[in-house]
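Novice: Submitted below is the structure of interest, expressed as structure tokens.
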Amino acid sequence: MKSDNDSVAPAFSRRFFLKRKIRREILIGWLFVLPALVMYTLFVLQPLVLTVRYSFYKWNGVGPMIWVGLKNYVTVFQVPNLIGTIFNAFWLVVWFSFIPVGLGLVVASVIHRVATGRFGSISRTVLFLPQVIPLVAAGIIWGWLLALPGLINQILKAVGLGAITRAWLGDFNWALPAVGLIGIWVLLGFCTVLLSTGMTKIDPSLYESARIDGASWFREFVGITIPLLRYEIGVCLTVTVIAALAAFDIVYVSTAGGPGNATAVPGIQIYILAFSQRSIGLASALAVMLMILVVVVILPIQRLSRENNA
Amino acid sequence: MRIARGELWTGRAFLLALMAITILPFISIFVTALHPSGTVPNGLEWPADPQWGNFIEAFKVAQMPALLLSSTFIVIAVVPVSLVISTMAGFAIGLLRIPGSSVLLSSLCSG
């Protein structure tokens with residue numbers, strides 16, 4: 001009886017002690033997280049909450065704030081110039097995201113297949129170069145290249161296409177594709193490098209067996225590369241879609257939203273509304289909508305790449 | 001691992017062309033930087049009298065030392081602090097397994 005009691009007591013106290021240890025660990029864990037949490041609250045959460053709050057007011061930044069409820073959101077939907085920026089943003093997704101990712105896949109698989117040695121690493125490095133310069137510099141460089149006396153028009157003239165030269169960034173129909181071209185130039189290297197890294201993880205025996213079966217480059221590409229790179233493609237799409245929807249630097253430097261509103265994206269419009277027209281409320285409403293839009297677009301991409309990967 | 005010769009060279013030509021397009025803007029801006037200020041150069045034309053002094057001029061006009069000092073200050077101030085804070089948070093989330101860590105992680109990442 002006594003011995004039984006003896007064996008129970010230490011077990012109980014050990015469990016109790018363990019529990020206390022876990023609790024202590026949790027407390028220490030939270031203490032470790034605390035600084036990050038404070039920073040997060042201060043620099044992410046607080047501006048977010050403030051923006052949402054401003055979006056319900058009519059406010060010029062200094063005067064009194066007038067509660068207007070959802071009127072700012074209604075205005076965004078009603079004014080063609082504002083809702084148009086969101087359509088432009090989706091157009092930009094095609095240029096900033098679909099083309100770089102698609103082209104990046106092709107380039108990465110070409111490198112993987114025909115240029116495994118030094119040539120491959122040189123081409124990866126060169127394609128990555130645009131990523132290391134600031135976006136503002138990219139905008140300025142391309143602003144010159146695409147101008148009326150710029151290099152692009154000179155090349156076109158040299159190959160006998162003088163008839164289609166124009167001020168690309170000043171043309172109503174061509175300004176958005178021209179901005180898109182800048183985006184492709186900047187983002188292609190990022191996609192290529194990420195996808196080629198993913199490709200090196202694919203089991204080479206798969207490619208070998210495909211080649212023994214006489215598979216062409218295209219068959220290999222569709223049958224092996226794309227399915228096994230789903231996760232990397234998902235990452236690429238996420239980053240580039242965010243770059244497109246939240247585009248500001250390139251567009252602001254190269255066209256500032258013009259001509260007219262041909263290249264106005266939400267980022268530009270928010271900036272103009274908030275700092276030139278001083279309607280903070282409306283700008284905040286557009287910003288909140290942009291944020292929701294980004295989340296709505298990104299979530300399915302994330303889910304798709306995760307699920308298929310598992 | 002045999003690849004048809006035609007395919008090999010098509011692939012390499014494709015890569016070379018793409019590299020040329022990527023590098024072109026850099027060459028263009030470099031050549032433009034060598035032209036005398038006040039002129040608008042025509043594309044890739046090499047200037048008759050390369051103005052290497054433009055670089056020094058730009059360095060002076062933009063007050064580069066002051067700008068670089070600000071950049072250095074930002075780097076010194078920001079990098080260690082964020083490194084320490086994020087390492088601590090990562091350690092806690094990853095190893096100490098505090099409750100609610102997944103929610104915490106996703107919200108920190110989204111921020």
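By convention in this document, the chains of the structure tokens carry letters A, B, ... by their order, each chain's residues are numbered from 1, and ligands are numbered from 1 in the order they are shown.
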Any chance you could list, as a list in words, the residues in stretch 44-271 of chain A that come up strand (DSSP E) when DSSP is run on the backbone?
Specialist: Tyr57, Lys58, Ile66 and Trp67 of chain A
Novice: Could you write out the selected residues, including N, CA and C atoms, as a JSON list (two decimals), in the first residue's frame?
Specialist:
```
[["chain", "number", "residue", "atom", "x", "y", "z"],
["A", 57, "TYR", "N", -14.43, 58.14, -44.15],
["A", 57, "TYR", "CA", -14.59, 59.57, -43.91],
["A", 57, "TYR", "C", -14.28, 60.37, -45.17],
["A", 58, "LYS", "N", -14.79, 61.58, -45.19],
["A", 58, "LYS", "CA", -14.35, 62.54, -46.20],
["A", 58, "LYS", "C", -13.38, 63.46, -45.50],
["A", 66, "ILE", "N", -15.29, 64.10, -41.91],
["A", 66, "ILE", "CA", -16.75, 63.97, -41.95],
["A", 66, "ILE", "C", -17.10, 62.52, -42.26],
["A", 67, "TRP", "N", -17.90, 61.92, -41.42],
["A", 67, "TRP", "CA", -18.31, 60.52, -41.62],
["A", 67, "TRP", "C", -19.22, 60.43, -42.85]]
```
Novice: Do you have the atom CA of B:Ala89-atom CA of A:Leu34 distance handy?
Specialist: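 Computing it gives 7.7 Å between the two atoms.
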Novice: Residues near A:Tyr73, anyone? I mean within 12 Å using only C-alpha atoms, not counting same-chain ones fewer than 6 positions away, as a count of residues only.
Specialist: 19
Novice: Tell me, as a compact mmCIF listing (two decimals) with N, CA and C atoms, in the first residue's frame, which residues lie within 10 Å of A:Thr125, counting only C-alpha atoms; anything in the same chain fewer than 3 positions away does not count.
Specialist:
```txt
# COMPACT_ATOMS: atom_id res chain seq x y z
N PHE A 119 27.76 28.41 -69.89
CA PHE A 119 26.85 29.24 -70.70
C PHE A 119 25.52 29.44 -69.98
N GLY A 120 25.03 28.36 -69.38
CA GLY A 120 23.77 28.45 -68.67
C GLY A 120 23.84 29.41 -67.50
N SER A 121 24.92 29.33 -66.73
CA SER A 121 24.98 30.21 -65.56
C SER A 121 25.20 31.65 -65.98
N ILE A 122 25.94 31.86 -67.08
CA ILE A 122 26.10 33.23 -67.58
C ILE A 122 24.75 33.79 -68.00
N PHE A 128 19.19 38.00 -64.91
CA PHE A 128 18.83 38.45 -63.57
C PHE A 128 19.23 39.90 -63.32
N LEU A 129 20.15 40.42 -64.16
CA LEU A 129 20.68 41.78 -63.94
C LEU A 129 19.60 42.84 -63.69
N PRO A 130 18.52 42.88 -64.47
CA PRO A 130 17.54 43.95 -64.23
C PRO A 130 16.97 43.95 -62.82
N GLY A 189 14.02 37.71 -65.31
CA GLY A 189 15.18 37.10 -64.68
C GLY A 189 14.83 36.43 -63.37
N THR A 192 13.06 33.21 -64.17
CA THR A 192 13.97 32.22 -64.74
C THR A 192 14.83 31.60 -63.65
N VAL A 193 15.40 32.43 -62.80
CA VAL A 193 16.31 31.90 -61.77
C VAL A 193 15.55 30.99 -60.81
N MET B 19 19.53 37.37 -74.04
CA MET B 19 20.54 38.09 -73.27
C MET B 19 20.84 39.44 -73.89
```
Novice: Here is a test: counting only C-alpha atoms, which residue of A:Pro227, A:Gly260, A:Gly117, A:Gly267 is nearest to chain B?
Specialist: A:Gly117
Novice: Would you mind listing what lies within 10 Å of A:Gly139 as an MDAnalysis selection string, with only C-alpha atoms counted and same-chain residues fewer than 2 positions away left out?
Specialist: chainID A and resid 134:137 141:145 179 182:183 186 249:255
Novice: Please, what distance in Å, to one decimal, runs between atom CA of A:Ser109 and atom CA of A:Val235?
Specialist: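 So the answer is 17.2 Å.
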Novice: For chain B, work out the contacting residues on chain A at 7 Å, counting only C-alpha atoms, and write them as an NGL selection string.
Specialist: :A and (25-26 or 29 or 32-33 or 35-36 or 40 or 44 or 110 or 114 or 123 or 126-127 or 141 or 149-151 or 185 or 208 or 211)
Novice: From a backbone DSSP assignment, name each residue in stretch 15-105 of chain B labelled alpha helix (DSSP H), as a ChimeraX atom specification.
Specialist: /B:15-33,53-61,64-91,101-105
Novice: Go ahead and dump the residues you just picked, C-alpha atoms, as an mmCIF file, in the first residue's frame.
Specialist:
```
data_model
loop_
_atom_site.group_PDB
_atom_site.id
_atom_site.type_symbol
_atom_site.label_atom_id
_atom_site.label_comp_id
_atom_site.auth_asym_id
_atom_site.auth_seq_id
_atom_site.Cartn_x
_atom_site.Cartn_y
_atom_site.Cartn_z
ATOM 1 C CA LEU B 15 19.288 32.386 -75.092
ATOM 2 C CA LEU B 16 21.814 34.667 -76.770
ATOM 3 C CA ALA B 17 19.076 36.793 -78.329
ATOM 4 C CA LEU B 18 17.310 37.101 -74.998
ATOM 5 C CA MET B 19 20.541 38.086 -73.273
ATOM 6 C CA ALA B 20 21.173 40.731 -75.918
ATOM 7 C CA ILE B 21 17.724 42.231 -75.365
ATOM 8 C CA THR B 22 18.226 42.219 -71.612
ATOM 9 C CA ILE B 23 21.624 43.846 -71.730
ATOM 10 C CA LEU B 24 20.768 46.453 -74.379
ATOM 11 C CA PRO B 25 19.260 49.044 -72.014
ATOM 12 C CA PHE B 26 22.362 48.890 -69.826
ATOM 13 C CA ILE B 27 24.660 49.497 -72.794
ATOM 14 C CA SER B 28 22.428 52.289 -73.986
ATOM 15 C CA ILE B 29 22.456 54.128 -70.673
ATOM 16 C CA PHE B 30 26.205 53.666 -70.334
ATOM 17 C CA VAL B 31 26.838 55.170 -73.751
ATOM 18 C CA THR B 32 24.420 57.983 -73.006
ATOM 19 C CA ALA B 33 26.320 58.736 -69.819
ATOM 20 C CA GLY B 53 34.085 63.420 -66.352
ATOM 21 C CA ASN B 54 30.298 63.045 -66.371
ATOM 22 C CA PHE B 55 30.585 60.408 -63.681
ATOM 23 C CA ILE B 56 32.586 62.687 -61.406
ATOM 24 C CA GLU B 57 30.197 65.528 -62.179
ATOM 25 C CA ALA B 58 27.191 63.407 -61.260
ATOM 26 C CA PHE B 59 28.910 62.342 -58.086
ATOM 27 C CA LYS B 60 29.350 65.982 -57.111
ATOM 28 C CA VAL B 61 25.976 67.303 -58.267
ATOM 29 C CA MET B 64 26.803 61.477 -53.325
ATOM 30 C CA PRO B 65 28.805 61.363 -50.063
ATOM 31 C CA ALA B 66 25.807 62.629 -48.105
ATOM 32 C CA LEU B 67 23.459 60.212 -49.858
ATOM 33 C CA LEU B 68 25.749 57.265 -49.305
ATOM 34 C CA LEU B 69 26.075 58.212 -45.673
ATOM 35 C CA SER B 70 22.293 58.093 -45.276
ATOM 36 C CA SER B 71 22.172 54.703 -46.969
ATOM 37 C CA THR B 72 24.902 53.386 -44.728
ATOM 38 C CA PHE B 73 23.101 54.701 -41.691
ATOM 39 C CA ILE B 74 19.875 52.971 -42.746
ATOM 40 C CA VAL B 75 21.707 49.710 -43.328
ATOM 41 C CA ILE B 76 23.490 49.842 -39.983
ATOM 42 C CA ALA B 77 20.337 50.775 -38.125
ATOM 43 C CA VAL B 78 17.846 48.494 -39.840
ATOM 44 C CA VAL B 79 19.615 45.251 -40.626
ATOM 45 C CA PRO B 80 20.789 44.224 -37.130
ATOM 46 C CA VAL B 81 17.521 45.199 -35.465
ATOM 47 C CA SER B 82 15.316 43.353 -37.921
ATOM 48 C CA LEU B 83 17.688 40.396 -37.919
ATOM 49 C CA VAL B 84 17.561 40.098 -34.130
ATOM 50 C CA ILE B 85 13.819 40.579 -33.896
ATOM 51 C CA SER B 86 12.971 38.160 -36.668
ATOM 52 C CA THR B 87 15.419 35.539 -35.442
ATOM 53 C CA MET B 88 13.822 35.677 -32.014
ATOM 54 C CA ALA B 89 10.333 35.385 -33.441
ATOM 55 C CA GLY B 90 11.392 32.596 -35.779
ATOM 56 C CA PHE B 91 13.009 30.689 -32.919
ATOM 57 C CA SER B 101 1.949 30.001 -33.829
ATOM 58 C CA SER B 102 0.517 29.237 -37.261
ATOM 59 C CA VAL B 103 -1.821 32.206 -37.109
ATOM 60 C CA LEU B 104 1.041 34.361 -35.894
ATOM 61 C CA LEU B 105 3.340 33.173 -38.663
#
```
Novice: If I take atom CA of A:Phe77 and atom CA of A:Asn173, how far is one from the other in Å, to one decimal?
Specialist: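 Pair atom CA of A:Phe77 / atom CA of A:Asn173 returns 23.5 Å.
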Novice: Excluding A:Ile298 and its own-chain neighbours fewer than 5 positions away, which residues fall within 8 Å of it when counting only C-alpha atoms? Please give them as a list in words.
Specialist: Thr238, Val241 and Ile242 of chain A
Novice: Which residue out of A:Gly69, A:Phe98, A:Met199, A:Arg23 has the minimum interatomic distance to A:Thr116 when only C-alpha atoms are used?
Specialist: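 Smallest separation from A:Thr116 among the options: A:Met199.
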